[in-house]
>>> print(open('upload25.csv').read())   # CSV, C-alpha atoms
chain,number,residue,atom,x,y,z
A,1,MET,CA,179.8,-64.1,-98.0
A,2,ASN,CA,178.0,-60.8,-97.8
A,3,ASP,CA,174.4,-59.4,-97.9
A,4,LEU,CA,174.2,-59.5,-101.7
A,5,THR,CA,175.3,-63.2,-101.8
A,6,PHE,CA,172.6,-64.2,-99.4
A,7,LEU,CA,170.0,-62.0,-101.1
A,8,ARG,CA,170.8,-63.6,-104.5
A,9,GLN,CA,170.4,-67.0,-102.9
A,10,ALA,CA,166.9,-66.0,-101.8
A,11,ILE,CA,166.1,-64.7,-105.3
A,12,GLN,CA,167.5,-67.9,-106.9
A,13,LEU,CA,165.2,-70.0,-104.6
A,14,ALA,CA,162.3,-67.9,-105.8
A,15,ARG,CA,163.2,-68.3,-109.4
A,16,GLU,CA,164.0,-72.0,-109.5
A,17,TYR,CA,161.0,-73.1,-107.5
A,18,SER,CA,158.4,-71.0,-109.3
A,19,ARG,CA,159.7,-72.2,-112.6
A,20,THR,CA,158.8,-75.8,-111.6
A,21,GLY,CA,155.2,-74.6,-111.6
A,22,LYS,CA,154.8,-75.8,-108.0
A,23,GLY,CA,154.9,-72.5,-106.1
A,24,GLY,CA,154.9,-68.8,-106.1
A,25,PRO,CA,158.0,-66.7,-106.8
A,26,PHE,CA,159.3,-66.1,-103.3
A,27,GLY,CA,162.4,-67.3,-101.5
A,28,ALA,CA,164.0,-66.6,-98.2
A,29,VAL,CA,167.2,-67.7,-96.3
A,30,VAL,CA,168.0,-67.3,-92.6
A,31,VAL,CA,171.6,-66.6,-91.8
A,32,ARG,CA,173.5,-66.9,-88.6
A,33,GLU,CA,177.2,-65.8,-88.2
A,34,GLY,CA,177.7,-65.8,-92.0
A,35,GLU,CA,176.1,-69.2,-92.5
A,36,VAL,CA,172.8,-70.2,-94.0
A,37,VAL,CA,170.8,-72.0,-91.3
A,38,GLY,CA,167.3,-72.0,-92.9
A,39,LEU,CA,165.8,-72.1,-96.4
A,40,GLY,CA,162.3,-71.5,-97.6
A,41,ARG,CA,160.3,-71.0,-100.8
A,42,ASN,CA,156.6,-70.4,-101.2
A,43,GLN,CA,154.9,-73.8,-100.9
A,44,VAL,CA,151.3,-72.7,-100.2
A,45,VAL,CA,149.8,-74.7,-103.1
A,46,GLU,CA,152.1,-77.7,-103.0
A,47,ALA,CA,151.9,-78.2,-99.2
A,48,LEU,CA,148.2,-77.2,-99.0
A,49,ASP,CA,149.2,-74.7,-96.3
A,50,PRO,CA,148.1,-71.1,-96.5
A,51,THR,CA,150.9,-70.2,-94.0
A,52,ALA,CA,153.7,-71.8,-96.1
A,53,HIS,CA,155.2,-68.5,-97.3
A,54,ALA,CA,159.0,-68.5,-97.9
A,55,GLU,CA,159.9,-66.6,-94.8
A,56,VAL,CA,157.7,-68.7,-92.5
A,57,LEU,CA,159.3,-71.9,-93.9
A,58,ALA,CA,162.8,-70.5,-93.6
A,59,ILE,CA,162.2,-69.5,-90.0
A,60,ARG,CA,160.8,-72.9,-89.2
A,61,ASP,CA,163.7,-74.6,-90.9
A,62,ALA,CA,166.3,-72.4,-89.0
A,63,ALA,CA,164.6,-72.9,-85.6
A,64,ARG,CA,164.5,-76.7,-86.1
A,65,ARG,CA,168.1,-76.8,-87.2
A,66,LEU,CA,169.4,-74.6,-84.4
A,67,GLY,CA,167.2,-76.2,-81.8
A,68,THR,CA,165.6,-73.0,-80.5
A,69,HIS,CA,162.6,-70.8,-81.2
A,70,LEU,CA,164.6,-67.7,-80.6
A,71,LEU,CA,166.6,-66.5,-83.6
A,72,ASP,CA,167.8,-63.2,-82.2
A,73,ASP,CA,171.3,-63.7,-83.6
A,74,CYS,CA,170.1,-64.3,-87.1
A,75,ALA,CA,169.1,-62.2,-90.2
A,76,ILE,CA,166.6,-63.1,-92.9
A,77,TYR,CA,167.1,-62.4,-96.6
A,78,CYS,CA,164.0,-62.3,-98.7
A,79,SER,CA,163.5,-62.2,-102.4
A,80,CYS,CA,160.6,-59.7,-101.8
A,81,GLU,CA,159.5,-57.5,-99.0
A,82,PRO,CA,157.7,-59.6,-96.4
A,83,CYS,CA,153.9,-59.6,-96.1
A,84,PRO,CA,152.3,-58.7,-92.7
A,85,MET,CA,152.1,-62.4,-91.7
A,86,CYS,CA,155.8,-63.0,-92.4
A,87,LEU,CA,156.8,-59.7,-90.9
A,88,SER,CA,155.0,-60.7,-87.7
A,89,ALA,CA,156.6,-64.1,-87.7
A,90,ILE,CA,160.0,-62.3,-88.0
A,91,TYR,CA,159.2,-60.3,-84.8
A,92,TRP,CA,158.0,-63.4,-83.0
A,93,ALA,CA,161.2,-65.2,-83.9
A,94,ARG,CA,163.1,-62.1,-82.6
A,95,ILE,CA,165.1,-61.8,-85.8
A,96,PRO,CA,166.5,-58.2,-85.7
A,97,ARG,CA,167.3,-57.6,-89.3
A,98,VAL,CA,165.6,-58.2,-92.7
A,99,VAL,CA,167.2,-57.7,-96.1
A,100,PHE,CA,164.8,-57.8,-99.1
A,101,ALA,CA,165.1,-57.3,-102.9
A,102,GLY,CA,161.7,-56.8,-104.6
A,103,LYS,CA,159.3,-54.3,-103.1
A,104,GLY,CA,155.7,-54.9,-102.0
A,105,GLU,CA,154.6,-52.9,-105.0
A,106,ASP,CA,156.4,-55.3,-107.3
A,107,ALA,CA,154.6,-58.2,-105.7
A,108,LYS,CA,151.3,-56.4,-106.1
A,109,ALA,CA,152.0,-55.8,-109.8
A,110,ALA,CA,152.5,-59.5,-110.2
A,111,GLY,CA,149.2,-60.2,-108.6
A,112,PHE,CA,150.1,-60.7,-104.9
A,113,ASP,CA,148.3,-58.0,-103.0
A,114,ASP,CA,148.8,-57.9,-99.3
A,115,THR,CA,147.9,-54.2,-99.1
A,116,LEU,CA,144.4,-55.2,-98.0
A,117,ILE,CA,145.8,-57.2,-95.1
A,118,ALA,CA,148.0,-54.4,-93.9
A,119,GLN,CA,145.0,-52.0,-94.1
A,120,GLU,CA,142.8,-54.4,-92.3
A,121,LEU,CA,145.3,-54.9,-89.5
A,122,ALA,CA,145.3,-51.2,-88.9
A,123,PHE,CA,141.6,-51.2,-88.4
A,124,GLY,CA,139.6,-52.2,-85.3
A,125,TRP,CA,137.2,-55.1,-85.5
A,126,LYS,CA,134.1,-53.0,-86.4
A,127,ASP,CA,135.8,-51.6,-89.6
A,128,ARG,CA,137.3,-54.9,-90.9
A,129,ALA,CA,136.0,-56.9,-93.8
A,130,LEU,CA,136.8,-59.9,-91.7
A,131,GLN,CA,133.9,-60.6,-89.3
A,132,GLY,CA,135.1,-60.7,-85.7
A,133,ASP,CA,132.8,-61.7,-82.9
A,134,GLN,CA,133.8,-61.8,-79.2
A,135,ALA,CA,132.1,-64.0,-76.5
A,136,LEU,CA,132.9,-65.8,-73.3
A,137,GLY,CA,135.3,-63.0,-72.3
A,138,GLU,CA,135.6,-64.1,-68.7
A,139,GLU,CA,136.4,-67.8,-69.6
A,140,GLY,CA,138.9,-66.6,-72.1
A,141,LYS,CA,140.6,-64.3,-69.6
A,142,LYS,CA,140.6,-66.9,-66.9
A,143,VAL,CA,142.7,-69.4,-68.8
A,144,LEU,CA,145.3,-66.7,-69.3
A,145,GLU,CA,145.3,-65.8,-65.7
A,146,GLU,CA,145.6,-69.4,-64.6
A,147,TRP,CA,148.6,-69.7,-66.8
A,148,ALA,CA,150.2,-66.6,-65.5
A,149,ARG,CA,149.9,-67.9,-61.9
A,150,ASP,CA,151.2,-71.4,-62.7
A,151,PRO,CA,154.8,-71.8,-61.4
A,152,ASP,CA,155.3,-74.7,-63.8
A,153,ARG,CA,154.3,-72.7,-66.9
A,154,VAL,CA,156.6,-72.8,-69.9
A,155,GLU,CA,157.8,-69.2,-70.6
A,156,TYR,CA,158.7,-68.0,-74.0
B,1,MET,CA,126.7,-77.2,-82.1
B,2,ASN,CA,126.9,-73.5,-81.9
B,3,ASP,CA,129.4,-70.7,-81.5
B,4,LEU,CA,129.8,-71.1,-77.8
B,5,THR,CA,130.4,-74.8,-78.0
B,6,PHE,CA,133.3,-74.3,-80.5
B,7,LEU,CA,134.6,-71.4,-78.5
B,8,ARG,CA,134.7,-73.5,-75.3
B,9,GLN,CA,136.5,-76.2,-77.2
B,10,ALA,CA,139.2,-73.7,-78.2
B,11,ILE,CA,139.4,-72.6,-74.5
B,12,GLN,CA,139.6,-76.1,-73.4
B,13,LEU,CA,142.5,-76.8,-75.8
B,14,ALA,CA,144.3,-73.8,-74.3
B,15,ARG,CA,143.7,-74.9,-70.7
B,16,GLU,CA,144.6,-78.6,-71.1
B,17,TYR,CA,147.7,-78.1,-73.1
B,18,SER,CA,149.2,-75.2,-71.1
B,19,ARG,CA,148.6,-77.3,-67.9
B,20,THR,CA,151.0,-79.9,-69.3
B,21,GLY,CA,153.7,-77.2,-69.1
B,22,LYS,CA,154.5,-77.8,-72.8
B,23,GLY,CA,153.0,-74.7,-74.3
B,24,GLY,CA,151.3,-71.4,-74.0
B,25,PRO,CA,147.6,-71.0,-73.0
B,26,PHE,CA,146.1,-70.6,-76.5
B,27,GLY,CA,143.8,-72.9,-78.5
B,28,ALA,CA,141.9,-72.6,-81.8
B,29,VAL,CA,139.5,-74.7,-83.8
B,30,VAL,CA,138.5,-74.3,-87.5
B,31,VAL,CA,134.9,-75.2,-88.2
B,32,ARG,CA,133.3,-76.0,-91.6
B,33,GLU,CA,129.6,-76.6,-91.9
B,34,GLY,CA,129.2,-77.2,-88.2
B,35,GLU,CA,132.1,-79.6,-88.0
B,36,VAL,CA,135.5,-79.2,-86.5
B,37,VAL,CA,138.0,-79.7,-89.3
B,38,GLY,CA,141.2,-78.3,-87.6
B,39,LEU,CA,142.7,-78.1,-84.2
B,40,GLY,CA,145.6,-76.1,-82.8
B,41,ARG,CA,147.3,-75.2,-79.5
B,42,ASN,CA,150.3,-73.1,-79.0
B,43,GLN,CA,153.4,-75.3,-79.6
B,44,VAL,CA,156.1,-72.7,-80.1
B,45,VAL,CA,158.4,-74.1,-77.4
B,46,GLU,CA,157.6,-77.8,-77.8
B,47,ALA,CA,157.9,-77.8,-81.6
B,48,LEU,CA,160.8,-75.3,-81.7
B,49,ASP,CA,158.7,-73.2,-84.1
B,50,PRO,CA,158.2,-69.5,-83.6
B,51,THR,CA,155.2,-69.6,-85.9
B,52,ALA,CA,153.4,-72.5,-84.1
B,53,HIS,CA,150.6,-70.4,-82.7
B,54,ALA,CA,147.3,-72.1,-82.1
B,55,GLU,CA,145.6,-70.4,-85.0
B,56,VAL,CA,148.4,-71.1,-87.5
B,57,LEU,CA,148.4,-74.8,-86.5
B,58,ALA,CA,144.6,-75.0,-86.7
B,59,ILE,CA,144.6,-73.5,-90.2
B,60,ARG,CA,147.4,-75.8,-91.3
B,61,ASP,CA,145.5,-78.8,-89.9
B,62,ALA,CA,142.2,-77.8,-91.6
B,63,ALA,CA,143.9,-77.1,-94.9
B,64,ARG,CA,145.6,-80.5,-94.8
B,65,ARG,CA,142.5,-82.4,-93.8
B,66,LEU,CA,140.3,-80.6,-96.4
B,67,GLY,CA,142.9,-80.8,-99.1
B,68,THR,CA,142.9,-77.1,-100.0
B,69,HIS,CA,144.7,-74.0,-99.0
B,70,LEU,CA,141.5,-72.0,-99.4
B,71,LEU,CA,139.3,-72.1,-96.3
B,72,ASP,CA,136.7,-69.5,-97.4
B,73,ASP,CA,133.8,-71.7,-96.1
B,74,CYS,CA,135.2,-72.0,-92.6
B,75,ALA,CA,135.2,-70.0,-89.4
B,76,ILE,CA,137.9,-70.0,-86.8
B,77,TYR,CA,137.3,-70.0,-83.0
B,78,CYS,CA,140.1,-68.8,-80.8
B,79,SER,CA,140.6,-68.8,-77.1
B,80,CYS,CA,142.1,-65.4,-77.4
B,81,GLU,CA,142.1,-62.5,-79.9
B,82,PRO,CA,144.5,-63.4,-82.7
B,83,CYS,CA,147.9,-61.7,-82.9
B,84,PRO,CA,148.9,-59.9,-86.1
B,85,MET,CA,150.6,-63.0,-87.5
B,86,CYS,CA,147.6,-65.2,-86.9
B,87,LEU,CA,145.2,-62.5,-88.1
B,88,SER,CA,147.2,-62.2,-91.4
B,89,ALA,CA,147.2,-66.0,-91.7
B,90,ILE,CA,143.4,-66.0,-91.4
B,91,TYR,CA,143.3,-63.5,-94.2
B,92,TRP,CA,145.6,-65.5,-96.4
B,93,ALA,CA,143.5,-68.6,-95.7
B,94,ARG,CA,140.4,-66.6,-96.8
B,95,ILE,CA,138.6,-67.4,-93.6
B,96,PRO,CA,135.8,-64.9,-93.4
B,97,ARG,CA,134.9,-65.1,-89.7
B,98,VAL,CA,136.7,-65.1,-86.4
B,99,VAL,CA,135.2,-65.8,-83.0
B,100,PHE,CA,137.4,-65.2,-80.0
B,101,ALA,CA,137.1,-65.2,-76.2
B,102,GLY,CA,139.9,-63.5,-74.3
B,103,LYS,CA,141.0,-60.1,-75.5
B,104,GLY,CA,144.4,-58.9,-76.6
B,105,GLU,CA,144.6,-56.9,-73.3
B,106,ASP,CA,144.1,-60.1,-71.3
B,107,ALA,CA,147.0,-61.8,-73.1
B,108,LYS,CA,149.1,-58.7,-72.5
B,109,ALA,CA,148.3,-58.9,-68.8
B,110,ALA,CA,149.5,-62.5,-68.8
B,111,GLY,CA,152.8,-61.5,-70.4
B,112,PHE,CA,152.1,-61.9,-74.1
B,113,ASP,CA,152.4,-58.5,-75.7
B,114,ASP,CA,151.9,-58.3,-79.4
B,115,THR,CA,151.1,-54.6,-79.2
B,116,LEU,CA,154.6,-53.9,-80.3
B,117,ILE,CA,154.2,-56.0,-83.4
B,118,ALA,CA,150.9,-54.2,-84.3
B,119,GLN,CA,152.6,-50.8,-83.9
B,120,GLU,CA,155.6,-51.8,-85.9
B,121,LEU,CA,153.5,-53.1,-88.8
B,122,ALA,CA,151.8,-49.7,-89.0
B,123,PHE,CA,155.2,-48.0,-89.3
B,124,GLY,CA,157.3,-47.7,-92.5
B,125,TRP,CA,160.8,-49.3,-92.5
B,126,LYS,CA,162.6,-46.2,-91.3
B,127,ASP,CA,160.6,-46.0,-88.1
B,128,ARG,CA,160.7,-49.7,-87.1
B,129,ALA,CA,162.8,-51.2,-84.4
B,130,LEU,CA,163.4,-54.1,-86.9
B,131,GLN,CA,166.2,-53.1,-89.2
B,132,GLY,CA,165.1,-53.4,-92.9
B,133,ASP,CA,167.5,-53.0,-95.7
B,134,GLN,CA,166.6,-53.2,-99.4
B,135,ALA,CA,169.0,-54.1,-102.2
B,136,LEU,CA,169.0,-55.7,-105.7
B,137,GLY,CA,165.6,-54.2,-106.4
B,138,GLU,CA,165.7,-54.9,-110.1
B,139,GLU,CA,166.6,-58.6,-109.7
B,140,GLY,CA,163.9,-59.0,-107.1
B,141,LYS,CA,161.4,-57.3,-109.4
B,142,LYS,CA,162.4,-59.4,-112.4
B,143,VAL,CA,161.7,-62.7,-110.8
B,144,LEU,CA,158.2,-61.5,-110.0
B,145,GLU,CA,157.7,-60.3,-113.6
B,146,GLU,CA,159.0,-63.5,-115.0
B,147,TRP,CA,156.4,-65.4,-112.9
B,148,ALA,CA,153.6,-63.1,-114.0
B,149,ARG,CA,154.4,-63.8,-117.6
B,150,ASP,CA,154.7,-67.6,-117.2
B,151,PRO,CA,151.7,-69.4,-118.7
B,152,ASP,CA,152.5,-72.5,-116.6
B,153,ARG,CA,152.6,-70.6,-113.3
B,154,VAL,CA,150.6,-71.9,-110.3
B,155,GLU,CA,148.1,-69.3,-109.3
B,156,TYR,CA,146.7,-69.0,-105.8
>>> encode(input="upload25.csv", output="structure tokens")
Amino acid sequence: MNDLTFLRQAIQLAREYSRTGKGGPFGAVVVREGEVVGLGRNQVVEALDPTAHAEVLAIRDAARRLGTHLLDDCAIYCSCEPCPMCLSAIYWARIPRVVFAGKGEDAKAAGFDDTLIAQELAFGWKDRALQGDQALGEEGKKVLEEWARDPDRVEY
Amino acid sequence: MNDLTFLRQAIQLAREYSRTGKGGPFGAVVVREGEVVGLGRNQVVEALDPTAHAEVLAIRDAARRLGTHLLDDCAIYCSCEPCPMCLSAIYWARIPRVVFAGKGEDAKAAGFDDTLIAQELAFGWKDRALQGDQALGEEGKKVLEEWARDPDRVEY
């Protein structure tokens, strides 16, 4: 089993599932020590979950199966270049390597444009299309400080 | 019910849950027409899910309860400024407004540093700490093109 085998598996997930008319054409597999430990395909519409991208679901599947939220010994194979949400999820999961087939520009040509999100993330709040209001700063800060001082806190 | 009420509810979720020692000090609520329609608190460790941030779970809860993956008539109230993953999820859910209490720098001071992720997202692949390899570009592109041509495709 090598990179291309796993990548084709991710592409196959994308193709098979999107042909059912239930989801978008995206698939992903998480691999650990040469073994597939997580699978995902885009289920945003079917699961009524805006976060149910293929990569997010593959990460959730792998973490559940392996019994850990830390996937630092895994790689993720994606039918298409991950969007900013999935890329961030990959960082949070500590996955050190991504292999992808289609490029972001291919997804854009098919009608999936996450360029706006990437641009917005690079902006500060005052320049974003998304309205961001901040209030109760001290109360918000306090709950974080309390946590940092708590000897029984769960670290992650 | 006004902004501060919902924001305090998000902070209270963060405080109560992190005091149990089960999760991190983050909470979020999704509100539609003055009513709370989604709740979330950080459950990364408890749920063994690296994507189980408060905002992601509040969005998933709201979408499930409302029966739609489009939350464009909602606002989200967060105990702390959303990380890049959650911010991207908010865009994908089409939520037009975010209200937050703690700032990213407060989370960083408490040990949660998503500055690295924001920096990495702004880089291209060759400059990222995350290894990104691309292969099978034509196969990856083809599955997207097939989908775009399919009259029975699910749009979202």
>>> closest_residue(input="upload25.csv", among="B:Gly132, B:Thr115, B:Ala93, B:Ala107", to="Asp61 (chain B)", atoms="all atoms listed in the file")
B:Ala93
>>> closest_residue(input="upload25.csv", among="A:Ala54, A:Leu13, A:Leu116, A:Met85", to="chain B", atoms="all atoms listed in the file")
A:Met85
>>> closest_atom_pairs(input="upload25.csv", of="region 39-132 of chain A", to="region 14-25 of chain A", cutoff="7 Å", atoms="only C-alpha atoms", output="Markdown table")
| residue | atom | partner | partner_atom | distance |
| --- | --- | --- | --- | --- |
| A:Arg41 | CA | A:Ala14 | CA | 6.2 |
| A:Asn42 | CA | A:Gly24 | CA | 5.4 |
| A:Gln43 | CA | A:Gly23 | CA | 5.4 |
| A:Val44 | CA | A:Gly23 | CA | 6.9 |
| A:Val45 | CA | A:Gly23 | CA | 6.3 |
| A:Glu46 | CA | A:Lys22 | CA | 6.0 |
| A:Ser79 | CA | A:Ala14 | CA | 6.7 |
>>> closest_residue(input="upload25.csv", among="A:Gln12, A:Leu57, A:Ala75, A:Asp3", to="Arg32 (chain A)", atoms="only C-alpha atoms")
A:Ala75
>>> residues_around(input="upload25.csv", residues="region 68-70 of chain B", least_positions_apart="3", cutoff="6 Å", atoms="only C-alpha atoms", output="JSON, numbers by chain")
{"A": [48, 49, 50], "B": [63, 93]}
>>> atom_distance(input="upload25.csv", atom1="CA of Gln9 (chain A)", atom2="CA of Tyr77 (chain A)")
8.5 Å
>>> residues_near_point(input="upload25.csv", point="(134.7, -63.4, -75.5)", cutoff="8 Å", atoms="only C-alpha atoms", output="PyMOL selection string")
(chain A and resi 133-140) or (chain B and resi 80+99-103)
>>> write_last_selection(input="upload25.csv", atoms="C-alpha atoms", output="PDB file, in the coordinates of the input")
ATOM      1  CA  ASP A 133     132.800 -61.700 -82.900  1.00  0.00           C
ATOM      2  CA  GLN A 134     133.800 -61.800 -79.200  1.00  0.00           C
ATOM      3  CA  ALA A 135     132.100 -64.000 -76.500  1.00  0.00           C
ATOM      4  CA  LEU A 136     132.900 -65.800 -73.300  1.00  0.00           C
ATOM      5  CA  GLY A 137     135.300 -63.000 -72.300  1.00  0.00           C
ATOM      6  CA  GLU A 138     135.600 -64.100 -68.700  1.00  0.00           C
ATOM      7  CA  GLU A 139     136.400 -67.800 -69.600  1.00  0.00           C
ATOM      8  CA  GLY A 140     138.900 -66.600 -72.100  1.00  0.00           C
TER       9      GLY A 140
ATOM     10  CA  CYS B  80     142.100 -65.400 -77.400  1.00  0.00           C
ATOM     11  CA  VAL B  99     135.200 -65.800 -83.000  1.00  0.00           C
ATOM     12  CA  PHE B 100     137.400 -65.200 -80.000  1.00  0.00           C
ATOM     13  CA  ALA B 101     137.100 -65.200 -76.200  1.00  0.00           C
ATOM     14  CA  GLY B 102     139.900 -63.500 -74.300  1.00  0.00           C
ATOM     15  CA  LYS B 103     141.000 -60.100 -75.500  1.00  0.00           C
TER      16      LYS B 103
END
>>> closest_residue(input="upload25.csv", among="B:Pro151, B:Pro82, B:Gly67, B:Gly27", to="chain A", atoms="only C-alpha atoms")
B:Gly67
>>> closest_residue(input="upload25.csv", among="A:Val29, A:Leu144, A:Val154, A:Val56", to="Ala89 (chain A)", atoms="all atoms listed in the file")
A:Val56
>>> closest_residue(input="upload25.csv", among="A:Ile76, A:Cys83, A:Ala122, A:Ala28", to="Glu105 (chain A)", atoms="only C-alpha atoms")
A:Cys83
>>> residues_near_point(input="upload25.csv", point="(167.9, -57.2, -84.0)", cutoff="9 Å", atoms="all atoms listed in the file", output="JSON, numbers by chain")
{"A": [72, 73, 74, 75, 94, 95, 96, 97], "B": [129, 130, 131]}
>>> calpha_fit_and_write(input="upload25.csv", fixed="chain A", moving="chain B", output="short mmCIF file (atom, residue, chain, number, x, y, z; two decimals) with C-alpha atoms, in the frame of the given file")
data_model
loop_
_atom_site.label_atom_id
_atom_site.label_comp_id
_atom_site.auth_asym_id
_atom_site.auth_seq_id
_atom_site.Cartn_x
_atom_site.Cartn_y
_atom_site.Cartn_z
CA MET B 1 179.76 -64.11 -97.97
CA ASN B 2 177.96 -60.87 -97.79
CA ASP B 3 174.48 -59.42 -97.95
CA LEU B 4 174.20 -59.56 -101.68
CA THR B 5 175.28 -63.15 -101.88
CA PHE B 6 172.52 -64.23 -99.41
CA LEU B 7 170.03 -62.00 -101.13
CA ARG B 8 170.78 -63.58 -104.53
CA GLN B 9 170.39 -66.98 -102.97
CA ALA B 10 166.89 -66.03 -101.78
CA ILE B 11 166.14 -64.75 -105.35
CA GLN B 12 167.46 -67.85 -106.81
CA LEU B 13 165.22 -69.99 -104.57
CA ALA B 14 162.25 -67.93 -105.79
CA ARG B 15 163.18 -68.28 -109.47
CA GLU B 16 164.00 -72.02 -109.48
CA TYR B 17 161.04 -73.14 -107.51
CA SER B 18 158.38 -70.99 -109.23
CA ARG B 19 159.76 -72.27 -112.62
CA THR B 20 158.76 -75.79 -111.56
CA GLY B 21 155.15 -74.53 -111.54
CA LYS B 22 154.78 -75.80 -107.94
CA GLY B 23 154.82 -72.53 -106.09
CA GLY B 24 154.90 -68.81 -106.00
CA PRO B 25 158.03 -66.74 -106.87
CA PHE B 26 159.29 -66.09 -103.31
CA GLY B 27 162.41 -67.35 -101.51
CA ALA B 28 164.07 -66.60 -98.15
CA VAL B 29 167.19 -67.64 -96.32
CA VAL B 30 168.01 -67.23 -92.58
CA VAL B 31 171.65 -66.53 -91.89
CA ARG B 32 173.52 -66.91 -88.55
CA GLU B 33 177.12 -65.86 -88.23
CA GLY B 34 177.65 -65.84 -91.96
CA GLU B 35 176.09 -69.23 -92.48
CA VAL B 36 172.82 -70.19 -94.01
CA VAL B 37 170.85 -72.02 -91.34
CA GLY B 38 167.32 -71.99 -92.96
CA LEU B 39 165.81 -72.11 -96.36
CA GLY B 40 162.29 -71.44 -97.61
CA ARG B 41 160.29 -71.04 -100.84
CA ASN B 42 156.66 -70.41 -101.19
CA GLN B 43 154.85 -73.80 -100.89
CA VAL B 44 151.30 -72.70 -100.19
CA VAL B 45 149.77 -74.67 -103.07
CA GLU B 46 152.12 -77.67 -103.04
CA ALA B 47 151.94 -78.20 -99.27
CA LEU B 48 148.24 -77.24 -98.98
CA ASP B 49 149.27 -74.70 -96.33
CA PRO B 50 148.10 -71.12 -96.43
CA THR B 51 150.90 -70.14 -94.08
CA ALA B 52 153.74 -71.76 -96.13
CA HIS B 53 155.31 -68.52 -97.23
CA ALA B 54 159.00 -68.54 -97.93
CA GLU B 55 159.86 -66.58 -94.83
CA VAL B 56 157.71 -68.68 -92.48
CA LEU B 57 159.29 -71.89 -93.86
CA ALA B 58 162.80 -70.43 -93.59
CA ILE B 59 162.24 -69.45 -89.96
CA ARG B 60 160.75 -72.84 -89.17
CA ASP B 61 163.73 -74.55 -90.83
CA ALA B 62 166.30 -72.40 -88.95
CA ALA B 63 164.55 -72.85 -85.64
CA ARG B 64 164.50 -76.62 -86.13
CA ARG B 65 168.09 -76.87 -87.25
CA LEU B 66 169.35 -74.57 -84.43
CA GLY B 67 167.16 -76.16 -81.83
CA THR B 68 165.57 -72.95 -80.55
CA HIS B 69 162.58 -70.86 -81.26
CA LEU B 70 164.59 -67.72 -80.58
CA LEU B 71 166.54 -66.53 -83.62
CA ASP B 72 167.77 -63.18 -82.19
CA ASP B 73 171.31 -63.75 -83.64
CA CYS B 74 170.10 -64.26 -87.19
CA ALA B 75 169.15 -62.14 -90.16
CA ILE B 76 166.65 -63.05 -92.81
CA TYR B 77 167.10 -62.39 -96.58
CA CYS B 78 164.01 -62.31 -98.71
CA SER B 79 163.47 -62.14 -102.40
CA CYS B 80 160.64 -59.79 -101.78
CA GLU B 81 159.44 -57.46 -98.99
CA PRO B 82 157.74 -59.60 -96.36
CA CYS B 83 153.95 -59.58 -96.06
CA PRO B 84 152.34 -58.74 -92.72
CA MET B 85 152.19 -62.40 -91.69
CA CYS B 86 155.84 -63.00 -92.44
CA LEU B 87 156.85 -59.66 -90.91
CA SER B 88 155.00 -60.61 -87.65
CA ALA B 89 156.66 -64.04 -87.74
CA ILE B 90 160.07 -62.35 -87.95
CA TYR B 91 159.14 -60.36 -84.91
CA TRP B 92 158.00 -63.38 -82.98
CA ALA B 93 161.22 -65.17 -83.95
CA ARG B 94 163.16 -62.14 -82.57
CA ILE B 95 165.06 -61.74 -85.80
CA PRO B 96 166.48 -58.26 -85.67
CA ARG B 97 167.29 -57.66 -89.35
CA VAL B 98 165.59 -58.10 -92.67
CA VAL B 99 167.16 -57.72 -96.09
CA PHE B 100 164.85 -57.83 -99.06
CA ALA B 101 165.03 -57.31 -102.83
CA GLY B 102 161.72 -56.81 -104.61
CA LYS B 103 159.28 -54.37 -103.09
CA GLY B 104 155.72 -54.90 -101.95
CA GLU B 105 154.59 -52.85 -105.03
CA ASP B 106 156.39 -55.29 -107.34
CA ALA B 107 154.56 -58.26 -105.80
CA LYS B 108 151.31 -56.34 -106.12
CA ALA B 109 152.02 -55.79 -109.80
CA ALA B 110 152.51 -59.53 -110.20
CA GLY B 111 149.15 -60.24 -108.59
CA PHE B 112 150.04 -60.68 -104.93
CA ASP B 113 148.33 -57.94 -103.00
CA ASP B 114 148.78 -57.92 -99.28
CA THR B 115 147.88 -54.25 -99.08
CA LEU B 116 144.45 -55.26 -98.00
CA ILE B 117 145.80 -57.29 -95.12
CA ALA B 118 148.01 -54.33 -93.96
CA GLN B 119 144.99 -51.99 -94.05
CA GLU B 120 142.77 -54.40 -92.23
CA LEU B 121 145.30 -54.95 -89.43
CA ALA B 122 145.35 -51.19 -88.84
CA PHE B 123 141.56 -51.19 -88.45
CA GLY B 124 139.62 -52.17 -85.28
CA TRP B 125 137.17 -55.12 -85.53
CA LYS B 126 134.17 -53.01 -86.45
CA ASP B 127 135.80 -51.63 -89.56
CA ARG B 128 137.30 -54.88 -90.94
CA ALA B 129 136.00 -56.85 -93.83
CA LEU B 130 136.78 -59.97 -91.66
CA GLN B 131 133.88 -60.53 -89.34
CA GLY B 132 135.09 -60.71 -85.67
CA ASP B 133 132.83 -61.69 -82.90
CA GLN B 134 133.81 -61.86 -79.22
CA ALA B 135 132.12 -64.00 -76.58
CA LEU B 136 132.90 -65.79 -73.27
CA GLY B 137 135.32 -63.04 -72.34
CA GLU B 138 135.62 -64.10 -68.73
CA GLU B 139 136.42 -67.76 -69.54
CA GLY B 140 138.96 -66.67 -72.10
CA LYS B 141 140.52 -64.30 -69.58
CA LYS B 142 140.61 -66.92 -66.84
CA VAL B 143 142.64 -69.40 -68.76
CA LEU B 144 145.25 -66.72 -69.34
CA GLU B 145 145.26 -65.80 -65.63
CA GLU B 146 145.52 -69.37 -64.60
CA TRP B 147 148.64 -69.72 -66.82
CA ALA B 148 150.18 -66.56 -65.42
CA ARG B 149 149.85 -67.91 -61.94
CA ASP B 150 151.23 -71.39 -62.74
CA PRO B 151 154.75 -71.85 -61.36
CA ASP B 152 155.33 -74.75 -63.79
CA ARG B 153 154.33 -72.75 -66.88
CA VAL B 154 156.62 -72.73 -69.95
CA GLU B 155 157.72 -69.21 -70.61
CA TYR B 156 158.76 -67.97 -74.03
#
